Structures are given as structure tokens and as C-alpha cells.
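Below is the file protein-v4.cif, which contains mmCIF, C-alpha atoms.
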data_target
#
loop_
_atom_site.label_atom_id
_atom_site.label_comp_id
_atom_site.auth_asym_id
_atom_site.auth_seq_id
_atom_site.Cartn_x
_atom_site.Cartn_y
_atom_site.Cartn_z
CA MET A 1 -12.44 25.60 -9.02
CA TRP A 2 -14.71 27.79 -6.94
CA ARG A 3 -11.93 30.36 -6.62
CA ILE A 4 -11.62 30.52 -10.40
CA LEU A 5 -15.38 30.94 -10.70
CA LEU A 6 -15.48 33.78 -8.20
CA SER A 7 -12.44 35.49 -9.69
CA VAL A 8 -14.15 35.54 -13.11
CA PHE A 9 -17.76 36.02 -12.03
CA PHE A 10 -17.47 39.17 -9.94
CA PRO A 11 -15.47 41.18 -12.51
CA LEU A 12 -18.01 40.20 -15.18
CA VAL A 13 -20.88 41.27 -12.94
CA ALA A 14 -19.15 44.61 -12.43
CA ILE A 15 -18.68 45.08 -16.18
CA VAL A 16 -22.30 44.14 -16.96
CA SER A 17 -23.60 46.47 -14.26
CA PHE A 18 -21.53 49.29 -15.68
CA LEU A 19 -22.81 48.67 -19.21
CA VAL A 20 -26.45 48.33 -18.12
CA PHE A 21 -26.43 51.74 -16.50
CA SER A 22 -24.37 53.24 -19.29
CA SER A 23 -26.06 55.19 -22.09
CA ASP A 24 -24.05 53.30 -24.75
CA GLN A 25 -24.06 49.53 -24.20
CA GLY A 26 -21.93 48.82 -27.24
CA TYR A 27 -22.66 46.80 -30.35
CA VAL A 28 -21.70 43.27 -31.39
CA LEU A 29 -22.12 41.83 -34.88
CA ILE A 30 -21.50 38.14 -35.54
CA ARG A 31 -21.65 37.05 -39.17
CA VAL A 32 -21.76 33.34 -40.01
CA ASP A 33 -22.12 32.54 -43.70
CA HIS A 34 -25.26 34.48 -44.72
CA TYR A 35 -26.55 34.97 -41.21
CA ASP A 36 -25.98 38.04 -39.05
CA ILE A 37 -26.39 38.12 -35.30
CA GLU A 38 -26.66 41.57 -33.79
CA THR A 39 -26.70 42.26 -30.09
CA THR A 40 -25.31 44.57 -27.47
CA VAL A 41 -22.10 44.01 -25.56
CA THR A 42 -24.13 43.67 -22.38
CA ALA A 43 -26.28 40.88 -23.82
CA MET A 44 -23.21 39.12 -25.19
CA ILE A 45 -21.47 39.21 -21.81
CA ILE A 46 -24.60 37.92 -20.07
CA LEU A 47 -24.80 35.10 -22.62
CA LEU A 48 -21.15 34.18 -22.11
CA VAL A 49 -21.52 34.25 -18.33
CA THR A 50 -24.61 32.05 -18.56
CA PHE A 51 -22.77 29.58 -20.78
CA PHE A 52 -19.78 29.59 -18.45
CA LEU A 53 -21.96 28.93 -15.40
CA PHE A 54 -23.82 26.17 -17.21
CA PHE A 55 -20.56 24.52 -18.23
CA PHE A 56 -19.17 24.89 -14.71
CA PHE A 57 -22.14 23.30 -12.97
CA ILE A 58 -22.34 20.46 -15.50
CA THR A 59 -18.65 19.75 -14.94
CA GLN A 60 -19.10 19.78 -11.17
CA PHE A 61 -22.11 17.50 -11.44
CA LEU A 62 -20.24 14.94 -13.56
CA LYS A 63 -17.25 15.17 -11.25
CA SER A 64 -19.41 14.51 -8.19
CA ILE A 65 -20.94 11.45 -9.89
CA PHE A 66 -17.47 10.13 -10.74
CA ASN A 67 -16.22 10.73 -7.19
CA LEU A 68 -19.31 9.07 -5.75
CA ARG A 69 -18.71 5.98 -7.89
CA ARG A 70 -15.04 5.92 -6.92
CA ARG A 71 -15.89 6.22 -3.22
CA PHE A 72 -18.42 3.41 -3.56
CA ILE A 73 -15.84 1.12 -5.19
CA HIS A 74 -13.24 2.06 -2.58
CA ARG A 75 -15.64 1.34 0.29
CA LYS A 76 -16.55 -1.98 -1.27
CA ALA A 77 -12.87 -2.91 -1.54
CA LEU A 78 -12.28 -1.93 2.09
CA LYS A 79 -15.28 -3.97 3.16
CA GLN A 80 -13.92 -7.02 1.34
CA GLU A 81 -10.52 -6.56 2.99
CA LYS A 82 -12.09 -6.34 6.45
CA GLU A 83 -14.15 -9.45 5.79
CA ALA A 84 -11.02 -11.21 4.53
CA LEU A 85 -9.23 -10.40 7.80
CA ILE A 86 -12.15 -11.83 9.77
CA LYS A 87 -12.13 -14.98 7.64
CA PHE A 88 -8.38 -15.28 8.16
CA LEU A 89 -8.86 -15.19 11.92
CA GLU A 90 -11.68 -17.73 11.60
CA GLY A 91 -9.45 -20.03 9.56
CA ASP A 92 -11.59 -19.91 6.41
CA PHE A 93 -8.56 -19.42 4.19
CA GLN A 94 -10.15 -20.09 0.79
CA LYS A 95 -12.66 -17.30 1.33
CA VAL A 96 -9.80 -15.03 2.33
CA GLU A 97 -8.27 -15.45 -1.12
CA THR A 98 -11.62 -15.03 -2.87
CA LYS A 99 -12.44 -11.77 -1.11
CA LEU A 100 -8.96 -10.29 -1.49
CA MET A 101 -8.59 -11.14 -5.16
CA SER A 102 -12.11 -10.07 -6.14
CA GLN A 103 -11.26 -6.42 -5.42
CA ILE A 104 -7.55 -6.44 -6.24
CA LYS A 105 -7.87 -3.80 -8.99
CA GLN A 106 -9.74 -1.42 -6.69
CA ALA A 107 -7.59 -2.11 -3.63
CA GLU A 108 -5.88 0.86 -2.04
CA ASN A 109 -2.74 -1.20 -1.46
CA PRO A 110 -2.73 -4.39 -3.59
CA ILE A 111 0.47 -5.55 -1.88
CA PHE A 112 -1.54 -6.11 1.31
CA ASN A 113 -4.03 -8.24 -0.64
CA TYR A 114 -1.33 -10.34 -2.28
CA LEU A 115 0.62 -10.96 0.92
CA LEU A 116 -2.40 -11.81 3.04
CA ALA A 117 -3.65 -14.11 0.28
CA ALA A 118 -0.20 -15.75 0.20
CA MET A 119 -0.36 -16.40 3.94
CA ALA A 120 -3.91 -17.74 3.66
CA ALA A 121 -2.92 -20.11 0.85
CA GLU A 122 0.07 -21.26 2.88
CA LYS A 123 -2.13 -21.93 5.90
CA ASP A 124 -4.32 -24.03 3.62
CA SER A 125 -1.25 -25.98 2.39
CA ARG A 126 -1.59 -24.64 -1.15
CA HIS A 127 2.04 -23.76 -1.58
CA ALA A 128 1.87 -23.09 -5.33
CA HIS A 129 -0.83 -20.46 -4.83
CA SER A 130 1.17 -18.89 -2.04
CA ASP A 131 4.25 -18.60 -4.26
CA GLN A 132 2.14 -17.07 -7.03
CA TYR A 133 0.82 -14.35 -4.73
CA LEU A 134 4.33 -13.57 -3.51
CA ALA A 135 5.52 -13.32 -7.11
CA LYS A 136 2.62 -11.00 -7.98
CA ALA A 137 3.40 -8.78 -5.01
CA GLU A 138 7.04 -8.58 -6.07
CA GLN A 139 6.04 -7.79 -9.65
CA TYR A 140 3.66 -5.06 -8.48
CA ILE A 141 6.41 -3.44 -6.41
CA LYS A 142 8.77 -3.45 -9.39
CA GLN A 143 6.15 -1.90 -11.66
CA LYS A 144 4.73 0.73 -9.33
CA PHE A 145 7.73 1.67 -7.19
CA THR A 146 11.01 2.50 -8.88
CA GLY A 147 12.69 3.55 -5.66
CA GLY A 148 12.36 5.55 -2.48
CA LYS A 149 11.25 4.82 1.06
CA GLN A 150 7.87 3.40 0.10
CA ALA A 151 9.47 0.86 -2.20
CA GLU A 152 11.87 -0.19 0.57
CA LYS A 153 9.00 -0.57 3.05
CA ASN A 154 7.04 -2.71 0.62
CA ARG A 155 10.05 -4.91 -0.15
CA LEU A 156 10.70 -5.31 3.57
CA THR A 157 7.12 -6.43 4.16
CA LEU A 158 7.32 -8.81 1.21
CA ASN A 159 10.59 -10.37 2.34
CA ILE A 160 9.40 -10.76 5.93
CA THR A 161 6.31 -12.56 4.66
CA ARG A 162 8.41 -14.76 2.38
CA VAL A 163 10.78 -15.78 5.19
CA ARG A 164 7.84 -16.43 7.51
CA ILE A 165 6.26 -18.72 4.91
CA GLN A 166 9.56 -20.51 4.25
CA LEU A 167 9.99 -21.09 7.97
CA SER A 168 6.46 -22.46 8.32
CA ARG A 169 7.15 -24.89 5.46
CA GLY A 170 10.33 -26.10 7.05
CA ASP A 171 12.50 -24.65 4.27
CA ILE A 172 15.04 -23.69 6.89
CA ASP A 173 17.93 -23.17 4.46
CA LEU A 174 15.93 -20.72 2.35
CA ALA A 175 14.67 -18.97 5.46
CA GLN A 176 18.20 -18.64 6.81
CA THR A 177 19.40 -17.25 3.48
CA GLY A 178 16.61 -14.69 3.53
CA ILE A 179 16.98 -13.58 7.14
CA TYR A 180 20.50 -12.16 6.86
CA PRO A 181 19.58 -9.38 4.37
CA LEU A 182 16.58 -8.54 6.56
CA LEU A 183 18.78 -8.21 9.63
CA LYS A 184 21.03 -5.90 7.67
CA LYS A 185 18.21 -3.68 6.39
CA ALA A 186 16.04 -3.70 9.51
CA PRO A 187 18.18 -4.80 12.46
CA GLU A 188 15.70 -3.55 15.06
CA HIS A 189 12.49 -4.74 13.43
CA PRO A 190 10.66 -6.92 16.01
CA GLU A 191 9.36 -9.49 13.53
CA VAL A 192 12.74 -9.78 11.82
CA LEU A 193 14.31 -10.46 15.21
CA ARG A 194 11.65 -13.03 16.10
CA LEU A 195 12.15 -14.86 12.81
CA ALA A 196 15.92 -14.72 13.19
CA GLU A 197 15.69 -16.17 16.70
CA LYS A 198 13.59 -19.10 15.49
CA ILE A 199 15.84 -19.76 12.51
CA PHE A 200 19.10 -19.55 14.47
CA LEU A 201 17.76 -21.84 17.19
CA GLN A 202 16.60 -24.42 14.65
CA THR A 203 19.88 -24.31 12.75
CA LYS A 204 21.89 -24.06 15.99
CA SER A 205 23.57 -20.91 14.69
CA TYR A 206 24.35 -19.82 18.22
CA PRO A 207 27.06 -17.26 17.37
CA SER A 208 24.62 -15.47 15.06
CA LEU A 209 21.95 -15.51 17.74
CA LEU A 210 24.39 -14.14 20.31
CA LYS A 211 25.14 -11.23 17.98
CA ILE A 212 21.51 -10.12 17.85
CA LEU A 213 20.84 -10.80 21.53
CA PRO A 214 21.73 -7.22 22.63
CA VAL A 215 19.26 -5.87 20.06
CA MET A 216 16.61 -8.31 21.28
CA ARG A 217 17.21 -7.03 24.81
CA LYS A 218 17.07 -3.41 23.64
CA MET A 219 13.79 -3.99 21.79
CA ARG A 220 12.41 -5.94 24.78
CA LEU A 221 11.51 -8.83 22.55
CA HIS A 222 11.23 -11.04 25.65
CA PRO A 223 11.19 -10.40 29.39
CA GLU A 224 14.65 -9.86 30.84
CA ASN A 225 14.67 -13.18 32.70
CA GLU A 226 14.00 -15.03 29.43
CA ILE A 227 16.75 -13.10 27.65
CA GLN A 228 19.19 -13.99 30.43
CA ALA A 229 18.18 -17.65 30.32
CA LEU A 230 18.64 -17.72 26.55
CA GLU A 231 22.01 -16.02 26.85
CA GLN A 232 23.22 -18.56 29.41
CA LYS A 233 21.98 -21.41 27.25
CA LEU A 234 23.84 -20.07 24.23
CA HIS A 235 27.09 -19.63 26.16
CA ARG A 236 26.81 -23.19 27.48
CA SER A 237 26.16 -24.51 23.99
CA LEU A 238 29.00 -22.70 22.25
CA PRO A 239 31.97 -24.57 23.80
CA THR A 240 30.22 -27.90 23.26
CA SER A 241 29.56 -27.27 19.60
CA THR A 242 33.06 -25.92 19.11
CA THR A 243 34.65 -28.90 20.83
CA SER A 244 32.60 -31.43 18.92
CA GLY A 245 33.43 -29.65 15.70
CA SER A 246 37.12 -29.79 16.50
CA LYS A 247 36.90 -33.50 17.27
CA ARG A 248 35.22 -34.19 13.97
CA ARG A 249 37.94 -32.31 12.12
CA LEU A 250 40.66 -34.24 13.98
CA LYS A 251 39.05 -37.57 13.14
CA SER A 252 38.77 -36.65 9.49
CA ASP A 253 42.47 -35.72 9.47
#
Would you give me this structure, written as C-alpha cells?
Amino acid sequence: MWRILLSVFFPLVAIVSFLVFSSDQGYVLIRVDHYDIETTVTAMIILLVTFFLFFFFITQFLKSIFNLRRRFIHRKALKQEKEALIKFLEGDFQKVETKLMSQIKQAENPIFNYLLAAMAAEKDSRHAHSDQYLAKAEQYIKQKFTGGKQAEKNRLTLNITRVRIQLSRGDIDLAQTGIYPLLKKAPEHPEVLRLAEKIFLQTKSYPSLLKILPVMRKMRLHPENEIQALEQKLHRSLPTSTTSGSKRRLKSD
């Protein structure tokens, strides 16, 4: 905006200066109904420049007020989010929801608010509220992000949170159903690997766990001695599970 002002202002100053020192400053006649306004070109240009400057500074003033209000709202939303994080760490989960939802319209990233509120509600054993926040986060992603990397990142965060909540509830079948797409989309994501490890151990899906073990080693998810111990445990468990499964099939036959 300042560039536009300077690009217009200096040429006008040059023109006015030329006319002021000129013997003939020109003549302007403005007729409105029965009224005539007579002035020189110099005076008309000065009047227009004055009006332009007045309009410019009024616009800048209103813009600064609007930006100040927006910054104030943004800072307030950030403050509420920080306080919500502190309350989450303190275990005051109801206040976490209150603070996050009170500024949801002004939040920089509402998905963060919804997902953290979902985790807080889950920690407080309010499963219905948790599901509602997850649904709102999913709806927001569908409305605001039609595609692209940002949409994929948000969906990944949402699905990780959903699987984590399902696992904490003991909905192991749902968690197992949700972990496979995550492993496909983000095979080296540390939290995806951690969730997959827990799910596969609980469901005794040892072949699936063995498949991701090299990635767990690559990502240094655990110290090497723990990875080796887990690998040995899985190899010892596989023949046993296979044998017992074969025996059950033989008995049924």
C-alpha cells in the first residue's frame, strides 16, 4: 500500500510544483445543477491529493484496529490452548475440554483442539464426548481440506488418535482394523509403530509384528537388546502357535 501511495504522491507533487511556478495554472469548472465551482487545476490537484491522503490514512487506521483485534483474539486462543495443555498434564480433563472448546472458532488449528479434547474426554471415561470430538475433527477436515499433503497429515493425526483411544478402551478389534491402513500410509511413523506393537502383542499377531520389526529396529523404537529379545520371543512363539493351530484343525476334522 505504501508503494502505491509513493508511486502516486511524488508524480502529483511534481505536477503541482510545475503548475504553481507556471504562469498559467489552468482552469476547472464544475457545474452541479445550478451551482458552479470554479478553481484552478493546481487547487483541484491539491484537493484530490488531500482527499486521497485522508482516505489512505483512514483506511490504514481501520485496518490497524482490525488487525489489533484479530491479534488479541488469536493470542487469547493460544493462551487457552496452553492452559489446556497444562490442565491435561495435571489431569484436570474437564477443564481441558472447556478451554479448548471456548476458543474453537478462533483457534489456529481446530483439529488440535478437537483431538486433544477427545483424548481428555477419554481419560475422563466420557466415551460419547470423545467420539463426538473425533467426529467433529473428521468433519472439519472434510470441509476445509479437499486434498493435498495437509489433508493427509490431518487425517493421519486423526486416525492415530482414534486408534490410540480404541486401544485404551480395550476395543482391540477396532484398533487392529485401524492400524493396518496406518502402517500402509506411514510405515515409519514412531507412534504408528508403537501402537502396532501393542496391538499385535495383545492379539498375538506375531507374524505381523515380525514384519514390522526391521522398521522398528531402523527407527530405533527400542534399544537393540530389547529388539533382539522381542525378536527371539516372537520366533519361539511362532512354532507353538502354528502347532497348536494345526492340532485344533486336526481335531475338528
Using the chain letters and numbers from this file, what does the PyMOL selection byres ((chain A and resi 207) around 12) select? Give the answer as a tab-separated table (two decimals) with C-alpha atoms, in the coordinates of the input.
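Output contents, as saved in expr31.tsv:
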chain	number	residue	atom	x	y	z
A	197	GLU	CA	15.69	-16.17	16.70
A	200	PHE	CA	19.10	-19.55	14.47
A	201	LEU	CA	17.76	-21.84	17.19
A	203	THR	CA	19.88	-24.31	12.75
A	204	LYS	CA	21.89	-24.06	15.99
A	205	SER	CA	23.57	-20.91	14.69
A	206	TYR	CA	24.35	-19.82	18.22
A	208	SER	CA	24.62	-15.47	15.06
A	209	LEU	CA	21.95	-15.51	17.74
A	210	LEU	CA	24.39	-14.14	20.31
A	211	LYS	CA	25.14	-11.23	17.98
A	212	ILE	CA	21.51	-10.12	17.85
A	213	LEU	CA	20.84	-10.80	21.53
A	231	GLU	CA	22.01	-16.02	26.85
A	233	LYS	CA	21.98	-21.41	27.25
A	234	LEU	CA	23.84	-20.07	24.23
A	235	HIS	CA	27.09	-19.63	26.16
A	236	ARG	CA	26.81	-23.19	27.48
A	237	SER	CA	26.16	-24.51	23.99
A	238	LEU	CA	29.00	-22.70	22.25
A	239	PRO	CA	31.97	-24.57	23.80
A	241	SER	CA	29.56	-27.27	19.60
A	242	THR	CA	33.06	-25.92	19.11
Who sits within 8 Å of A:Ala117, all atoms listed in the file, same chain under 6 positions skipped, as a ChimeraX atom specification: /A:96-97,100-101,130,133
Long-range neighbours of A:Glu81 as JSON, numbers by chain, 12 Å cut-off, all atoms listed in the file, 5 positions minimum in chain: {"A": [74, 75, 76, 86, 87, 88, 95, 96, 97, 98, 99, 100, 101, 102, 103, 104, 106, 107, 108, 109, 110, 112, 113, 114, 116, 117]}
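Using all atoms listed in the file for every distance, the candidate list A:Met219, A:Ala121, A:Leu174, A:Leu115 yields A:Leu115 as the residue closest to A:Asn154.
Taken over the shown file, the PyMOL selection byres ((chain A and resi 215) around 12) identifies Leu183, Ala186, Pro187, Glu188, His189, Pro190, Val192, Leu193, Arg194, Ala196, Glu197, Leu209, Leu210, Lys211, Ile212, Leu213, Pro214, Met216, Arg217, Lys218, Met219, Arg220, Leu221, His222 and Ile227 of chain A.
Atom pair atom CA of A:Leu89 / atom CA of A:Ala120 has a distance of 10.0 Å (rounded to one decimal).
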Given the PyMOL selection byres ((chain A and resi 167) around 12), the residues it picks as number ranges by chain: A: 122, 160-166, 168-179, 194-200, 202-203
